[in-house]
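A.B. asks: Sending over a structure as structure tokens; questions will come in a sec.
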Amino acid sequence: MRQTSPKSLSAQTSVFLGTLASLTCGVSGASAALLVGNTEGNNVVIFDERTGKFGGEFIAAGAGGLTSPDDLTYGPDGNLYVSSGNETSGAILKFDGKTGDFLGRFDQGGRLLRPYGNAFGPDGNLYVSSFRSDEILRFDGITGQFLDVFAFGTGVANGLNGPNDLLFDQDGNLYVTTQGSVADGKGGIAFRFESQVLRYNIFADTPEPAVFVPQPTPSPDSFNFVSFLGLEFGADGDLFVSDFANDIRRYDLLTGGLVDTLSTNYTGTVPSNNFMGGLTFDPNGTLYTVGFDLTQGNQGAILRFDGETGDPLPAAGESGPVFVSTTPNLKRPIGITYSPVVVPEPALTLGLMAVGAIFAGKKRSSFR
């Protein structure tokens, strides 16, 4: 994944960016896409990452049993792995990274209850946060066979309390957002602790969580709570963390210190009518996130920021960070990822397919 300079990009991602640049240089009309999961639409939809134009469904509603899709992750094989499930069930569904065709259920064994984050580790295995059981499960990255429970919560402070998104750096550190909830193992939860960012070293003999980011002061635009959600590394190695309750906070990866806060209150009310989802960067360093408006039937929007300066990048005719304004095509969106292999021009299809095969991309509260 991406980390502090010179570790801001992994070897795989660096190769991807270079290859993509060489393929698209001088070619007009070529387009990648943003993929967004609709938790209330049970589908994954496409938006052009340059214009914001809606491109329809990438994964049809309910395909392969898709239910409330959450995290969307491109694997080392170029296919898309989607967290799917509800309070009493869960699965990782595998889809063709170019066509969206259902390829099958990936996880084999284990017990996932409302999986949120999923990420491929430097050991080649897939790690999945099981929110409703306070666990992180590990699966063989090729076969999907359940390996073990990598980490679990014990109902104490500063532990794995409501695991959410997952993100690896090159040193084998796993970053995990937590909501601060404690699961009863039957799908129920109680909010007892702070929302935090934890860090594990997966190569340690006995991986133990360390609090990397403690719970901050709630956003002034929030309903006075914090619920850390999405994780992404910026090009300079800073860690970006979205808060379901509002705002994106940027942290120095070496010190854990707060660098900047990006406002995501696109509805303009205080408290904000909108809540926020995950994060993704494109190869140019542009940061995207999704949100939804409670007063508009949970219809969603896409926001865009300059990943270096934090400045909002609105679309023409929009204000603030609004890239795609509130639309019925987004139905309580949470997961978002940049895809280099969707909506290509015909001449680029073969080249982008090859690039997709090496891309391992990345990526909610009591209301979720």
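Chain labels follow the order of the structure tokens: the first chain is A, the next B, and so on; residue numbering restarts at 1 in every chain, and ligands are counted from 1 in their shown order.
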Within 10 Å of stretch 291-294 of chain A, counting only C-alpha atoms, which residues show up once you throw out same-chain ones fewer than 3 positions away? Write them as a short mmCIF file (atom, residue, chain, number, x, y, z; two decimals) with N, CA and C atoms, in the first residue's frame, please.
C.D. replies:
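Contents of selection_12.cif, freshly written:
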```
data_model
loop_
_atom_site.label_atom_id
_atom_site.label_comp_id
_atom_site.auth_asym_id
_atom_site.auth_seq_id
_atom_site.Cartn_x
_atom_site.Cartn_y
_atom_site.Cartn_z
N PHE A 244 -17.45 9.23 9.90
CA PHE A 244 -18.85 9.11 9.51
C PHE A 244 -19.65 10.32 9.97
N ASN A 246 -18.68 13.41 10.24
CA ASN A 246 -18.25 14.53 9.39
C ASN A 246 -16.77 14.85 9.56
N THR A 264 -16.40 18.30 5.42
CA THR A 264 -17.23 17.53 4.49
C THR A 264 -18.72 17.87 4.64
N ASN A 265 -19.02 18.96 5.30
CA ASN A 265 -20.42 19.36 5.52
C ASN A 265 -20.97 20.01 4.26
N TYR A 266 -21.32 19.21 3.28
CA TYR A 266 -21.76 19.77 2.00
C TYR A 266 -23.22 20.20 2.02
N THR A 267 -23.99 19.80 3.05
CA THR A 267 -25.38 20.25 3.13
C THR A 267 -25.49 21.61 3.81
N SER A 272 -24.73 18.91 10.66
CA SER A 272 -24.86 18.58 9.25
C SER A 272 -25.93 17.53 9.02
N ASN A 273 -26.65 17.68 7.90
CA ASN A 273 -27.62 16.66 7.50
C ASN A 273 -26.96 15.47 6.82
N ASN A 274 -25.68 15.62 6.48
CA ASN A 274 -25.02 14.53 5.76
C ASN A 274 -24.04 13.76 6.65
N PHE A 275 -23.90 12.49 6.34
CA PHE A 275 -22.90 11.62 6.96
C PHE A 275 -21.95 11.15 5.86
N MET A 276 -20.80 10.61 6.26
CA MET A 276 -19.73 10.35 5.30
C MET A 276 -19.35 8.87 5.22
N GLY A 277 -18.79 8.51 4.04
CA GLY A 277 -18.34 7.15 3.80
C GLY A 277 -16.83 7.05 3.69
N GLY A 278 -16.36 6.17 2.81
CA GLY A 278 -14.94 5.88 2.70
C GLY A 278 -14.17 6.87 1.84
N GLY A 297 -33.72 11.27 1.89
CA GLY A 297 -33.91 9.84 1.73
C GLY A 297 -32.62 9.07 1.58
N ASN A 298 -31.54 9.58 2.21
CA ASN A 298 -30.21 8.96 2.16
C ASN A 298 -29.60 8.96 0.76
N GLN A 299 -30.09 9.85 -0.11
CA GLN A 299 -29.43 10.01 -1.40
C GLN A 299 -28.03 10.57 -1.18
N GLY A 300 -27.10 10.14 -2.05
CA GLY A 300 -25.70 10.45 -1.81
C GLY A 300 -25.09 11.45 -2.77
N ALA A 301 -23.86 11.83 -2.46
CA ALA A 301 -23.06 12.74 -3.27
C ALA A 301 -21.61 12.30 -3.21
N ILE A 302 -20.81 12.78 -4.16
CA ILE A 302 -19.37 12.51 -4.18
C ILE A 302 -18.64 13.84 -3.99
N LEU A 303 -17.69 13.87 -3.08
CA LEU A 303 -16.88 15.05 -2.82
C LEU A 303 -15.46 14.83 -3.34
N THR A 326 -26.05 15.68 -4.91
CA THR A 326 -27.00 14.68 -4.41
C THR A 326 -27.83 14.09 -5.55
N THR A 327 -27.82 12.77 -5.64
CA THR A 327 -28.46 12.08 -6.76
C THR A 327 -29.11 10.78 -6.30
N LEU A 330 -27.18 7.37 -6.06
CA LEU A 330 -26.41 6.99 -4.87
C LEU A 330 -27.38 6.81 -3.71
N LYS A 331 -27.41 5.60 -3.17
CA LYS A 331 -28.38 5.25 -2.14
C LYS A 331 -27.64 4.80 -0.88
N ARG A 332 -27.42 5.75 -0.02
CA ARG A 332 -26.64 5.54 1.21
C ARG A 332 -25.29 4.90 0.90
N PRO A 333 -24.48 5.58 0.09
CA PRO A 333 -23.18 5.03 -0.30
C PRO A 333 -22.19 5.06 0.86
N ILE A 334 -21.34 4.04 0.91
CA ILE A 334 -20.26 3.99 1.89
C ILE A 334 -18.92 3.70 1.20
N GLY A 335 -18.82 2.58 0.49
CA GLY A 335 -17.57 2.20 -0.14
C GLY A 335 -17.33 2.95 -1.44
#
```
A.B. asks: Applying 10 Å and only C-alpha atoms, which residues near A:Leu254 remain after dropping the ones on its own chain fewer than 2 positions away? List them as a ChimeraX atom specification.
C.D. replies: /A:3-4,212,237-239,251-252,256-257
A.B. asks: For a test of reading the model, state the distance in Å between atom CA of A:Asp71 and atom CA of A:Leu113, rounded to one decimal.
C.D. replies: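 So the answer is 14.1 Å.
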A.B. asks: Pick out the closest residue to A:Asp171 from this set: A:Phe193, A:Ala157, A:Phe146, A:Ala204. Count only C-alpha atoms.
C.D. replies: A:Ala204
A.B. asks: For A:Val45, which residue among A:Gly100, A:Asn86, A:Phe281, A:Val341 is the nearest when counting only C-alpha atoms?
C.D. replies: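 Distance minimum relative to A:Val45 lands on A:Gly100.
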A.B. asks: Pick from A:Ser83, A:Gln196, A:Thr280, A:Ser325: nearest to A:Leu35, with only C-alpha atoms counted?
C.D. replies: A:Thr280
A.B. asks: DSSP on the backbone, then: every residue of stretch 1-180 of chain A marked alpha helix (DSSP H), written as a list in words.
C.D. replies: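 Restricting stretch 1-180 of chain A to alpha helix (DSSP H) produces Ala11, Gln12, Thr13, Ser14, Val15, Phe16, Leu17, Gly18, Thr19, Leu20, Ala21, Ser22, Leu23 and Thr24 of chain A.
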A.B. asks: Restrict the selected residues to N, CA and C atoms and save them as an mmCIF file, in the first residue's frame.
C.D. replies:
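Below you can see out_7.cif, which holds the result:
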```cif
data_model
loop_
_atom_site.group_PDB
_atom_site.id
_atom_site.type_symbol
_atom_site.label_atom_id
_atom_site.label_comp_id
_atom_site.auth_asym_id
_atom_site.auth_seq_id
_atom_site.Cartn_x
_atom_site.Cartn_y
_atom_site.Cartn_z
ATOM 1 N N ALA A 11 5.384 -1.097 -4.196
ATOM 2 C CA ALA A 11 5.987 -1.463 -5.470
ATOM 3 C C ALA A 11 4.925 -1.736 -6.517
ATOM 4 N N GLN A 12 3.855 -2.440 -6.131
ATOM 5 C CA GLN A 12 2.807 -2.747 -7.093
ATOM 6 C C GLN A 12 2.152 -1.476 -7.599
ATOM 7 N N THR A 13 1.826 -0.562 -6.662
ATOM 8 C CA THR A 13 1.140 0.644 -7.073
ATOM 9 C C THR A 13 2.038 1.525 -7.911
ATOM 10 N N SER A 14 3.333 1.583 -7.590
ATOM 11 C CA SER A 14 4.260 2.381 -8.373
ATOM 12 C C SER A 14 4.336 1.882 -9.807
ATOM 13 N N VAL A 15 4.412 0.547 -9.956
ATOM 14 C CA VAL A 15 4.429 -0.020 -11.301
ATOM 15 C C VAL A 15 3.145 0.333 -12.033
ATOM 16 N N PHE A 16 2.027 0.236 -11.312
ATOM 17 C CA PHE A 16 0.734 0.559 -11.914
ATOM 18 C C PHE A 16 0.702 1.985 -12.440
ATOM 19 N N LEU A 17 1.150 2.947 -11.622
ATOM 20 C CA LEU A 17 1.086 4.336 -12.034
ATOM 21 C C LEU A 17 1.955 4.603 -13.255
ATOM 22 N N GLY A 18 3.157 4.019 -13.252
ATOM 23 C CA GLY A 18 4.030 4.221 -14.394
ATOM 24 C C GLY A 18 3.466 3.616 -15.655
ATOM 25 N N THR A 19 2.929 2.408 -15.527
ATOM 26 C CA THR A 19 2.354 1.750 -16.689
ATOM 27 C C THR A 19 1.139 2.499 -17.192
ATOM 28 N N LEU A 20 0.286 2.954 -16.261
ATOM 29 C CA LEU A 20 -0.898 3.681 -16.665
ATOM 30 C C LEU A 20 -0.532 4.962 -17.386
ATOM 31 N N ALA A 21 0.484 5.666 -16.878
ATOM 32 C CA ALA A 21 0.890 6.905 -17.516
ATOM 33 C C ALA A 21 1.368 6.659 -18.938
ATOM 34 N N SER A 22 2.147 5.591 -19.134
ATOM 35 C CA SER A 22 2.662 5.304 -20.467
ATOM 36 C C SER A 22 1.559 4.899 -21.421
ATOM 37 N N LEU A 23 0.526 4.230 -20.906
ATOM 38 C CA LEU A 23 -0.569 3.792 -21.766
ATOM 39 C C LEU A 23 -1.472 4.943 -22.160
ATOM 40 N N THR A 24 -1.667 5.908 -21.267
ATOM 41 C CA THR A 24 -2.644 6.951 -21.514
ATOM 42 C C THR A 24 -2.034 8.229 -22.057
#
```
